[in-house]
>>> print(open('my_file-v4.txt').read())   # compact mmCIF, C-alpha atoms
# COMPACT_ATOMS: atom_id res chain seq x y z
CA MET A 1 -3.13 17.37 -16.35
CA PHE A 2 -3.83 21.06 -15.74
CA GLY A 3 -6.20 22.49 -13.20
CA THR A 4 -8.38 25.45 -14.10
CA GLY A 5 -9.16 28.72 -12.43
CA ALA A 6 -12.54 29.84 -11.17
CA GLY A 7 -13.66 30.70 -14.69
CA GLY A 8 -12.46 27.38 -16.05
CA THR A 9 -10.38 29.10 -18.74
CA ARG A 10 -6.89 29.60 -17.29
CA PRO A 11 -4.64 26.85 -15.92
CA VAL A 12 -3.57 27.14 -12.33
CA ILE A 13 0.23 27.47 -12.21
CA GLN A 14 1.78 26.12 -9.03
CA ARG A 15 5.32 27.21 -8.21
CA ASN A 16 7.40 25.53 -5.54
CA SER A 17 8.42 27.96 -2.84
CA LEU A 18 11.93 28.15 -1.45
CA ARG A 19 10.86 26.30 1.69
CA GLU A 20 9.47 23.46 -0.44
CA GLN A 21 12.69 23.23 -2.44
CA ILE A 22 14.79 23.04 0.72
CA ALA A 23 12.44 20.44 2.21
CA GLY A 24 12.57 18.41 -1.00
CA ALA A 25 16.36 18.46 -1.08
CA LEU A 26 16.65 17.38 2.57
CA ARG A 27 13.99 14.72 2.07
CA GLU A 28 15.99 13.03 -0.69
CA GLU A 29 19.19 13.34 1.35
CA MET A 30 17.47 11.31 4.09
CA MET A 31 15.95 8.84 1.63
CA ALA A 32 19.39 8.08 0.19
CA GLY A 33 20.95 7.73 3.64
CA ARG A 34 23.35 10.65 3.22
CA LEU A 35 21.62 12.15 6.26
CA ALA A 36 21.67 9.08 8.50
CA ALA A 37 19.50 8.35 11.52
CA GLY A 38 20.70 10.28 14.56
CA ARG A 39 22.17 13.17 12.56
CA ASN A 40 21.47 16.53 14.21
CA PHE A 41 21.58 20.00 12.66
CA THR A 42 20.30 23.51 13.32
CA VAL A 43 18.36 26.07 11.28
CA LYS A 44 21.53 28.14 10.95
CA GLU A 45 23.48 25.23 9.46
CA ILE A 46 20.80 24.53 6.87
CA ALA A 47 20.43 28.22 5.99
CA GLU A 48 24.19 28.56 5.47
CA LEU A 49 24.39 25.33 3.51
CA TYR A 50 21.80 26.43 0.94
CA GLY A 51 22.66 30.13 1.02
CA VAL A 52 19.22 31.29 2.15
CA SER A 53 17.85 33.23 5.09
CA ALA A 54 16.82 31.51 8.29
CA THR A 55 13.08 31.86 7.63
CA PRO A 56 12.64 29.44 4.68
CA ALA A 57 15.17 27.06 6.25
CA ARG A 58 13.22 26.99 9.52
CA GLU A 59 9.90 26.57 7.69
CA ALA A 60 11.28 23.63 5.68
CA LEU A 61 12.55 21.89 8.81
CA VAL A 62 9.29 22.47 10.65
CA ASP A 63 7.38 21.02 7.67
CA LEU A 64 9.52 17.88 7.68
CA ALA A 65 9.11 17.54 11.45
CA ALA A 66 5.33 17.81 11.08
CA GLN A 67 5.50 14.93 8.56
CA GLY A 68 7.42 12.76 11.03
CA LEU A 69 10.59 12.87 8.91
CA LEU A 70 12.53 14.94 11.47
CA ARG A 71 12.35 15.25 15.24
CA ALA A 72 12.48 18.74 16.76
CA GLU A 73 14.52 18.92 19.96
CA HIS A 74 14.46 21.92 22.28
CA HIS A 75 17.68 23.94 22.06
CA ARG A 76 19.26 21.22 19.91
CA GLY A 77 17.72 21.79 16.49
CA PHE A 78 16.43 18.86 14.47
CA THR A 79 17.41 15.18 14.38
CA VAL A 80 16.84 12.52 11.74
CA PRO A 81 14.72 9.77 13.37
CA GLU A 82 15.58 6.10 13.24
CA PHE A 83 12.97 3.80 11.73
CA GLY A 84 13.14 0.26 13.06
CA TRP A 85 11.72 -2.97 11.70
CA ASP A 86 8.39 -2.48 13.51
CA ASP A 87 8.08 0.96 11.92
CA PHE A 88 8.81 -0.44 8.47
CA ARG A 89 6.38 -3.32 8.96
CA GLU A 90 3.57 -0.86 9.75
CA ILE A 91 4.56 1.34 6.80
CA PHE A 92 4.64 -1.63 4.44
CA GLU A 93 1.35 -3.09 5.66
CA SER A 94 -0.37 0.29 5.29
CA ARG A 95 0.84 0.58 1.71
CA VAL A 96 -0.27 -2.93 0.78
CA LEU A 97 -3.71 -2.53 2.38
CA ILE A 98 -4.35 0.67 0.46
CA THR A 99 -3.25 -0.67 -2.93
CA ASP A 100 -5.10 -3.96 -2.43
CA SER A 101 -8.30 -2.08 -1.63
CA TYR A 102 -7.87 0.00 -4.77
CA PHE A 103 -7.48 -3.08 -6.97
CA ARG A 104 -10.58 -4.61 -5.39
CA ARG A 105 -12.48 -1.45 -6.25
CA LEU A 106 -11.27 -1.71 -9.83
CA ALA A 107 -12.66 -5.24 -9.99
CA VAL A 108 -16.21 -4.00 -9.42
CA ASN A 109 -15.92 -0.48 -10.83
CA PRO A 110 -13.20 -0.42 -13.51
CA GLY A 111 -11.98 2.99 -14.54
CA GLN A 112 -9.92 4.25 -17.44
CA PRO A 113 -6.41 5.62 -16.91
CA ASP A 114 -5.77 9.17 -18.00
CA ASP A 115 -4.03 8.65 -21.35
CA SER A 116 -2.45 12.10 -21.14
CA ARG A 117 -0.34 10.91 -18.19
CA LEU A 118 1.05 7.79 -19.90
CA PRO A 119 3.92 9.47 -21.84
CA SER A 120 5.19 11.07 -18.63
CA LEU A 121 4.78 7.76 -16.80
CA ARG A 122 6.84 5.97 -19.45
CA ARG A 123 9.62 8.56 -19.23
CA ARG A 124 9.71 8.16 -15.46
CA ALA A 125 9.81 4.38 -15.84
CA ASP A 126 12.68 4.55 -18.31
CA ALA A 127 14.67 6.79 -15.95
CA ALA A 128 13.95 4.46 -13.01
CA VAL A 129 15.07 1.40 -14.98
CA ARG A 130 18.32 3.04 -16.04
CA ALA A 131 19.00 4.23 -12.49
CA ALA A 132 18.35 0.74 -11.11
CA ARG A 133 20.70 -0.86 -13.62
CA ALA A 134 23.36 1.76 -12.91
CA GLY A 135 23.19 0.89 -9.22
CA ASN A 136 23.63 4.49 -8.05
CA LEU A 137 21.57 4.76 -4.87
CA ASP A 138 21.75 8.56 -4.81
CA VAL A 139 20.04 8.74 -8.20
CA MET A 140 17.82 5.73 -7.67
CA VAL A 141 15.84 7.14 -4.76
CA GLY A 142 14.66 10.16 -6.73
CA CYS A 143 13.83 8.21 -9.88
CA ASP A 144 11.94 5.56 -7.92
CA ARG A 145 9.94 8.09 -5.96
CA ARG A 146 8.95 10.13 -9.02
CA PHE A 147 7.91 7.01 -10.92
CA TRP A 148 5.60 5.82 -8.16
CA GLN A 149 4.24 9.33 -7.74
CA GLU A 150 3.16 9.17 -11.39
CA VAL A 151 1.61 5.74 -10.85
CA ALA A 152 -0.28 6.94 -7.77
CA GLY A 153 -1.50 9.93 -9.76
CA LEU A 154 -3.52 7.50 -11.90
CA LEU A 155 -5.61 6.61 -8.86
CA GLY A 156 -7.52 9.85 -9.21
CA ASN A 157 -7.34 10.50 -5.47
CA ARG A 158 -4.81 13.12 -4.43
CA ARG A 159 -5.01 12.30 -0.71
CA ILE A 160 -4.27 8.61 -1.28
CA ALA A 161 -1.43 9.51 -3.64
CA ASP A 162 0.11 11.89 -1.09
CA TYR A 163 -0.20 9.33 1.69
CA LEU A 164 1.44 6.59 -0.40
CA ASP A 165 4.28 8.97 -1.22
CA TRP A 166 4.76 9.76 2.49
CA LEU A 167 4.97 6.04 3.23
CA ARG A 168 7.49 5.51 0.44
CA VAL A 169 9.79 8.23 1.77
CA GLN A 170 9.87 6.50 5.16
CA SER A 171 10.49 3.12 3.51
CA TRP A 172 13.58 4.51 1.83
CA MET A 173 14.78 6.09 5.08
CA PHE A 174 14.61 2.65 6.69
CA ALA A 175 16.21 0.83 3.76
CA ALA A 176 19.03 3.23 2.88
CA ARG A 177 21.35 2.29 5.74
CA TYR A 178 21.24 -1.38 4.71
CA LEU A 179 21.65 -0.68 1.01
CA ARG A 180 24.64 1.59 1.55
CA SER A 181 26.45 -1.30 3.23
CA MET A 182 26.19 -3.43 0.07
CA PRO A 183 29.25 -3.56 -2.23
CA GLN A 184 27.24 -2.82 -5.36
CA LEU A 185 23.63 -2.54 -6.55
CA GLY A 186 23.98 -2.38 -10.33
CA GLY A 187 22.32 -5.22 -12.21
CA VAL A 188 20.54 -6.64 -9.16
CA CYS A 189 17.79 -4.05 -8.70
CA TRP A 190 14.12 -4.29 -9.56
CA ASP A 191 13.78 -2.94 -13.09
CA SER A 192 10.31 -4.01 -14.25
CA HIS A 193 8.96 -0.46 -14.28
CA LEU A 194 8.35 -0.53 -18.04
CA ASP A 195 6.48 -3.85 -17.75
CA LEU A 196 4.14 -2.17 -15.29
CA VAL A 197 3.62 0.75 -17.66
CA ASP A 198 2.84 -1.66 -20.52
CA ALA A 199 0.23 -3.40 -18.36
CA ILE A 200 -1.33 -0.08 -17.37
CA GLU A 201 -1.45 1.09 -20.97
CA ALA A 202 -3.05 -2.21 -22.02
CA ARG A 203 -5.61 -1.80 -19.20
CA ASP A 204 -4.70 -5.30 -18.01
CA VAL A 205 -5.75 -4.99 -14.36
CA PRO A 206 -4.80 -8.57 -13.31
CA ARG A 207 -1.33 -8.13 -14.76
CA VAL A 208 -0.89 -4.74 -13.07
CA HIS A 209 -1.97 -6.24 -9.77
CA ARG A 210 0.39 -9.18 -10.18
CA ILE A 211 3.41 -6.95 -10.93
CA VAL A 212 2.68 -4.70 -7.96
CA CYS A 213 2.35 -7.73 -5.66
CA GLU A 214 5.64 -9.16 -6.94
CA TYR A 215 7.29 -5.80 -6.36
CA ASN A 216 6.03 -5.67 -2.78
CA LEU A 217 7.09 -9.27 -2.10
CA PHE A 218 10.61 -8.48 -3.27
CA THR A 219 10.66 -5.39 -1.08
CA VAL A 220 9.67 -7.05 2.17
CA GLY A 221 11.74 -10.17 1.52
CA LEU A 222 14.90 -8.19 0.87
CA LEU A 223 14.57 -5.89 3.87
CA ALA A 224 13.68 -8.73 6.22
CA GLU A 225 16.85 -10.49 5.10
CA LEU A 226 19.05 -7.40 5.47
CA ALA A 227 17.56 -6.46 8.83
CA GLY A 228 17.78 -10.02 10.18
CA GLN A 229 14.02 -10.26 10.70
CA GLN A 230 11.42 -12.91 9.92
CA VAL A 231 9.30 -12.00 6.92
CA GLU A 232 6.47 -14.10 8.41
CA THR A 233 5.89 -11.31 10.96
CA VAL A 234 4.35 -9.22 8.18
CA GLY A 235 0.61 -9.75 8.37
CA VAL A 236 -0.32 -8.82 4.80
CA LEU A 237 1.62 -11.55 2.97
CA PRO A 238 -1.60 -13.48 2.09
CA LEU A 239 -2.78 -10.42 0.16
CA LEU A 240 0.37 -10.52 -1.94
CA THR A 241 0.30 -14.24 -2.69
CA GLY A 242 -3.42 -14.46 -3.51
CA ARG A 243 -4.87 -14.42 -6.99
CA PRO A 244 -4.88 -11.01 -8.74
CA VAL A 245 -8.20 -9.24 -9.05
CA GLY A 246 -10.18 -10.02 -12.15
CA THR A 247 -8.75 -13.54 -12.56
CA PRO A 248 -10.72 -16.77 -12.01
CA GLY A 249 -10.93 -17.22 -8.29
CA GLY A 250 -9.60 -13.74 -7.63
CA PRO A 251 -11.46 -10.82 -6.02
CA GLY A 252 -14.21 -9.51 -8.23
CA ALA A 253 -14.32 -12.64 -10.39
CA GLU A 254 -17.54 -14.48 -11.09
CA HIS A 255 -16.02 -17.84 -10.21
CA GLY A 256 -16.08 -17.24 -6.48
CA PRO A 257 -13.27 -17.57 -3.93
CA VAL A 258 -10.10 -19.56 -4.45
CA ALA A 259 -10.65 -23.25 -3.90
CA ALA A 260 -8.98 -24.71 -0.85
CA GLY A 261 -5.57 -26.10 -1.68
CA ALA A 262 -5.36 -24.38 -5.06
CA PRO A 263 -1.96 -22.82 -5.78
CA ARG A 264 -1.99 -19.03 -5.59
CA ALA A 265 -0.29 -16.60 -7.91
CA GLY A 266 3.42 -16.58 -7.20
CA GLU A 267 3.35 -20.00 -5.45
CA ASP A 268 4.81 -23.30 -6.52
CA ALA A 269 2.04 -25.79 -7.21
CA GLU A 270 3.73 -28.61 -5.25
CA SER A 271 5.62 -26.90 -2.44
CA GLY A 272 3.34 -23.91 -1.95
CA SER A 273 6.35 -21.67 -1.51
CA VAL A 274 6.47 -18.21 -2.99
CA SER A 275 8.44 -18.09 -6.22
CA ARG A 276 9.78 -15.21 -8.28
CA PRO A 277 10.03 -14.77 -12.02
CA GLU A 278 13.37 -15.84 -13.41
CA GLY A 279 15.87 -13.00 -13.39
CA ALA A 280 13.68 -10.78 -11.23
CA ALA A 281 15.10 -8.85 -8.30
CA ARG A 282 13.72 -7.26 -5.18
CA THR A 283 13.56 -3.67 -4.11
CA PRO A 284 12.70 -1.70 -0.94
CA GLY A 285 10.45 0.72 -2.61
CA GLY A 286 13.35 0.66 -4.89
CA PRO A 287 16.36 -1.65 -5.08
CA GLY A 288 17.53 -5.01 -3.85
CA PRO A 289 19.80 -7.94 -4.59
CA GLU A 290 18.66 -11.06 -6.34
CA GLN A 291 17.51 -13.91 -4.15
CA ARG A 292 20.28 -16.45 -3.54
CA GLU A 293 20.06 -20.02 -2.37
CA PRO A 294 21.25 -20.58 1.20
CA GLY A 295 24.98 -21.12 1.34
CA THR A 296 25.74 -19.58 -2.05
CA ALA A 297 28.08 -16.65 -2.21
CA HIS A 298 27.27 -13.29 -3.73
CA HIS A 299 29.77 -12.32 -6.43
CA PRO A 300 30.28 -8.56 -6.61
CA ALA A 301 30.65 -6.80 -9.91
CA GLU A 302 34.06 -6.68 -11.55
CA PRO A 303 35.97 -3.37 -11.30
CA GLY A 304 35.22 -2.60 -14.94
CA ASP A 305 31.52 -3.16 -14.33
CA ARG A 306 31.56 -0.78 -11.37
CA GLY A 307 33.21 1.87 -13.51
CA ARG A 308 30.51 1.52 -16.14
CA GLU A 309 27.84 1.75 -13.43
CA ARG A 310 29.36 4.97 -12.10
CA ASP A 311 29.59 6.46 -15.59
CA LEU A 312 25.97 5.57 -16.33
CA GLY A 313 24.92 7.04 -12.99
CA ARG A 314 26.71 10.30 -13.71
CA GLU A 315 25.24 10.46 -17.23
CA LEU A 316 21.75 9.87 -15.88
CA GLY A 317 22.30 12.48 -13.18
CA ARG A 318 23.25 15.08 -15.79
CA GLU A 319 20.17 14.25 -17.90
CA LEU A 320 17.89 14.59 -14.88
CA GLY A 321 19.48 17.88 -13.80
CA LEU A 322 21.00 16.54 -10.61
CA GLY A 323 23.67 18.49 -8.76
CA LEU A 324 26.82 17.58 -6.89
CA GLY A 325 24.88 15.84 -4.14
CA LEU A 326 22.50 14.40 -6.76
CA VAL A 327 19.59 16.46 -5.46
CA PRO A 328 17.34 18.03 -8.14
CA GLN A 329 18.37 21.61 -8.86
CA PRO A 330 15.56 24.17 -8.24
CA ARG A 331 14.89 26.45 -11.15
CA SER A 332 14.37 29.64 -9.16
CA VAL A 333 17.59 29.45 -7.11
CA PRO A 334 21.11 29.96 -8.51
CA TYR A 335 22.89 26.76 -9.46
CA GLY A 336 24.94 25.18 -6.71
CA ARG A 337 22.82 25.94 -3.67
CA PHE A 338 20.97 22.67 -3.80
CA GLY A 339 23.10 19.62 -4.17
CA ARG A 340 25.90 20.24 -1.71
CA ARG A 341 26.16 17.69 1.03
CA LEU A 342 25.92 18.65 4.65
CA PRO A 343 29.33 18.84 6.40
CA GLU A 344 30.17 15.73 8.34
CA PRO A 345 30.06 16.08 12.16
CA PRO A 346 33.39 16.19 14.05
CA SER A 347 34.99 12.81 14.54
CA GLY A 348 33.65 11.03 17.59
CA GLN A 349 30.88 13.58 18.21
CA LEU A 350 28.03 11.79 16.46
CA PRO A 351 28.95 8.42 14.95
CA GLU A 352 26.89 7.36 11.96
CA GLY A 353 24.14 4.93 12.82
CA ARG A 354 23.94 6.01 16.47
CA PRO A 355 20.81 4.38 17.96
CA ASP A 356 17.92 6.77 18.32
CA PRO A 357 16.40 6.40 21.82
CA HIS A 358 13.10 7.90 20.70
CA ARG A 359 10.45 6.30 18.54
CA ALA A 360 9.86 7.91 15.18
CA PRO A 361 7.36 10.78 15.48
CA GLY A 362 4.12 10.99 13.58
CA ARG A 363 3.18 7.37 14.22
>>> encode(input="my_file-v4.txt", output="structure tokens")
Amino acid sequence: MFGTGAGGTRPVIQRNSLREQIAGALREEMMAGRLAAGRNFTVKEIAELYGVSATPAREALVDLAAQGLLRAEHHRGFTVPEFGWDDFREIFESRVLITDSYFRRLAVNPGQPDDSRLPSLRRRADAAVRAARAGNLDVMVGCDRRFWQEVAGLLGNRRIADYLDWLRVQSWMFAARYLRSMPQLGGVCWDSHLDLVDAIEARDVPRVHRIVCEYNLFTVGLLAELAGQQVETVGVLPLLTGRPVGTPGGPGAEHGPVAAGAPRAGEDAESGSVSRPEGAARTPGGPGPEQREPGTAHHPAEPGDRGRERDLGRELGRELGLGLGLVPQPRSVPYGRFGRRLPEPPSGQLPEGRPDPHRAPGR
């Protein structure tokens, strides 16, 4: 959807500056866990890596530090912060509270989605599904983020959309270190993006709400399991297991509140436990393994399956214009500058996953 100039006749063309391209590349490096918590680098290193002058490199790093995605340290450059479980819990609760409030508003003041955005949304969903099934984390983070950016764009509130995107970036930064330790992700990732698009296109608000709640339940359940935390510590779970808006007994319905003892959406009628649709998987703002019964072993993919996953990931990366490091290539900078990975620190100098003694900034 194009903006217009002062006269209302010419579209406003927005071009990403070099500093924004560098910041975007580094942001996805951190989301995918290739720049792990505790990693330190200087303006000079970043400028040399991307073949630019020190000014745009410094501006990009300062921008990321202002967003709480980097920590500036005097005479030491910039360090990737470590997000702990308490950080993630606050991030997740903030995201759920915002989306739940939006659905409640829709229940009393329904709006119409911008039909011009639906083709782009469907393309993003298709790319996200293929990336999830390929199991390539480097590609998945970008596809997931761009899909949810398109979804948030339908809210019609740029500030809310930007805030939700900021929360999603931090969610990935928390999740990436756990996901990278998994043997494989292909075939076990949340891939219901197209179902969500179908529900949006059909203007089925209860179904949209239900899919988003299921997605969030998978996210928090997976990360609590991987981080060794109790999911019950998350205070917004009742919002995710309640009835969707617009349904009998749900918010905005004429039938009043849910009757005491009535099973909620996503709960088993007898046990009251949260259930998931058959074959569904969980994601952290992205991916996650299928739920397994206690005591059952996880069977990794066969070698042939892993080869097919890698091939599909590479094919998808080429289609999306991703470079060697699977970071989107900027159009205004010669090919090859964006996509190279940062050089690894000398052995023993900064071990990966080194605990960060400082709390994440910007909180």
>>> closest_residue(input="my_file-v4.txt", among="A:Gly186, A:Gly38, A:Gly235, A:Gly33", to="Val129 of chain A", atoms="only C-alpha atoms")
A:Gly186
>>> atom_distance(input="my_file-v4.txt", atom1="atom CA of Pro113 of chain A", atom2="atom CA of Leu154 of chain A")
6.1 Å
>>> residues_near_point(input="my_file-v4.txt", point="(-0.8, -8.1, -0.8)", cutoff="10 Å", atoms="only C-alpha atoms", output="MDAnalysis selection string")
chainID A and resid 92:93 95:101 209:210 212:214 216:217 235:244
>>> residues_near_point(input="my_file-v4.txt", point="(2.8, 6.8, -17.6)", cutoff="10 Å", atoms="only C-alpha atoms", output="CSV table (one decimal) with C-alpha atoms, in the frame of the given file")
chain,number,residue,atom,x,y,z
A,113,PRO,CA,-6.4,5.6,-16.9
A,114,ASP,CA,-5.8,9.2,-18.0
A,115,ASP,CA,-4.0,8.6,-21.4
A,116,SER,CA,-2.4,12.1,-21.1
A,117,ARG,CA,-0.3,10.9,-18.2
A,118,LEU,CA,1.0,7.8,-19.9
A,119,PRO,CA,3.9,9.5,-21.8
A,120,SER,CA,5.2,11.1,-18.6
A,121,LEU,CA,4.8,7.8,-16.8
A,122,ARG,CA,6.8,6.0,-19.4
A,123,ARG,CA,9.6,8.6,-19.2
A,124,ARG,CA,9.7,8.2,-15.5
A,125,ALA,CA,9.8,4.4,-15.8
A,147,PHE,CA,7.9,7.0,-10.9
A,148,TRP,CA,5.6,5.8,-8.2
A,150,GLU,CA,3.2,9.2,-11.4
A,151,VAL,CA,1.6,5.7,-10.8
A,153,GLY,CA,-1.5,9.9,-9.8
A,154,LEU,CA,-3.5,7.5,-11.9
A,194,LEU,CA,8.4,-0.5,-18.0
A,196,LEU,CA,4.1,-2.2,-15.3
A,197,VAL,CA,3.6,0.8,-17.7
A,198,ASP,CA,2.8,-1.7,-20.5
A,200,ILE,CA,-1.3,-0.1,-17.4
A,201,GLU,CA,-1.4,1.1,-21.0
>>> atom_distance(input="my_file-v4.txt", atom1="atom CA of Gly24 of chain A", atom2="atom CA of Arg133 of chain A")
24.4 Å
>>> closest_residue(input="my_file-v4.txt", among="A:Ile46, A:His74, A:Phe174, A:Arg34", to="Val220 of chain A", atoms="all atoms listed in the file")
A:Phe174
>>> closest_residue(input="my_file-v4.txt", among="A:Gly228, A:Gly135, A:Pro81, A:Pro206", to="Arg39 of chain A", atoms="all atoms listed in the file")
A:Pro81
>>> closest_residue(input="my_file-v4.txt", among="A:Val208, A:Met30, A:Ala57, A:Leu106", to="Thr79 of chain A", atoms="all atoms listed in the file")
A:Met30
>>> atom_distance(input="my_file-v4.txt", atom1="atom CA of Leu64 of chain A", atom2="atom CA of Gly77 of chain A")
12.7 Å
>>> residues_around(input="my_file-v4.txt", residues="Leu179 of chain A", least_positions_apart="3", cutoff="9 Å", atoms="only C-alpha atoms", output="tab-separated table (two decimals) with C-alpha atoms, keeping the file's coordinate frame")
chain	number	residue	atom	x	y	z
A	33	GLY	CA	20.95	7.73	3.64
A	137	LEU	CA	21.57	4.76	-4.87
A	175	ALA	CA	16.21	0.83	3.76
A	176	ALA	CA	19.03	3.23	2.88
A	182	MET	CA	26.19	-3.43	0.07
A	183	PRO	CA	29.25	-3.56	-2.23
A	184	GLN	CA	27.24	-2.82	-5.36
A	185	LEU	CA	23.63	-2.54	-6.55
A	226	LEU	CA	19.05	-7.40	5.47
A	287	PRO	CA	16.36	-1.65	-5.08
A	288	GLY	CA	17.53	-5.01	-3.85
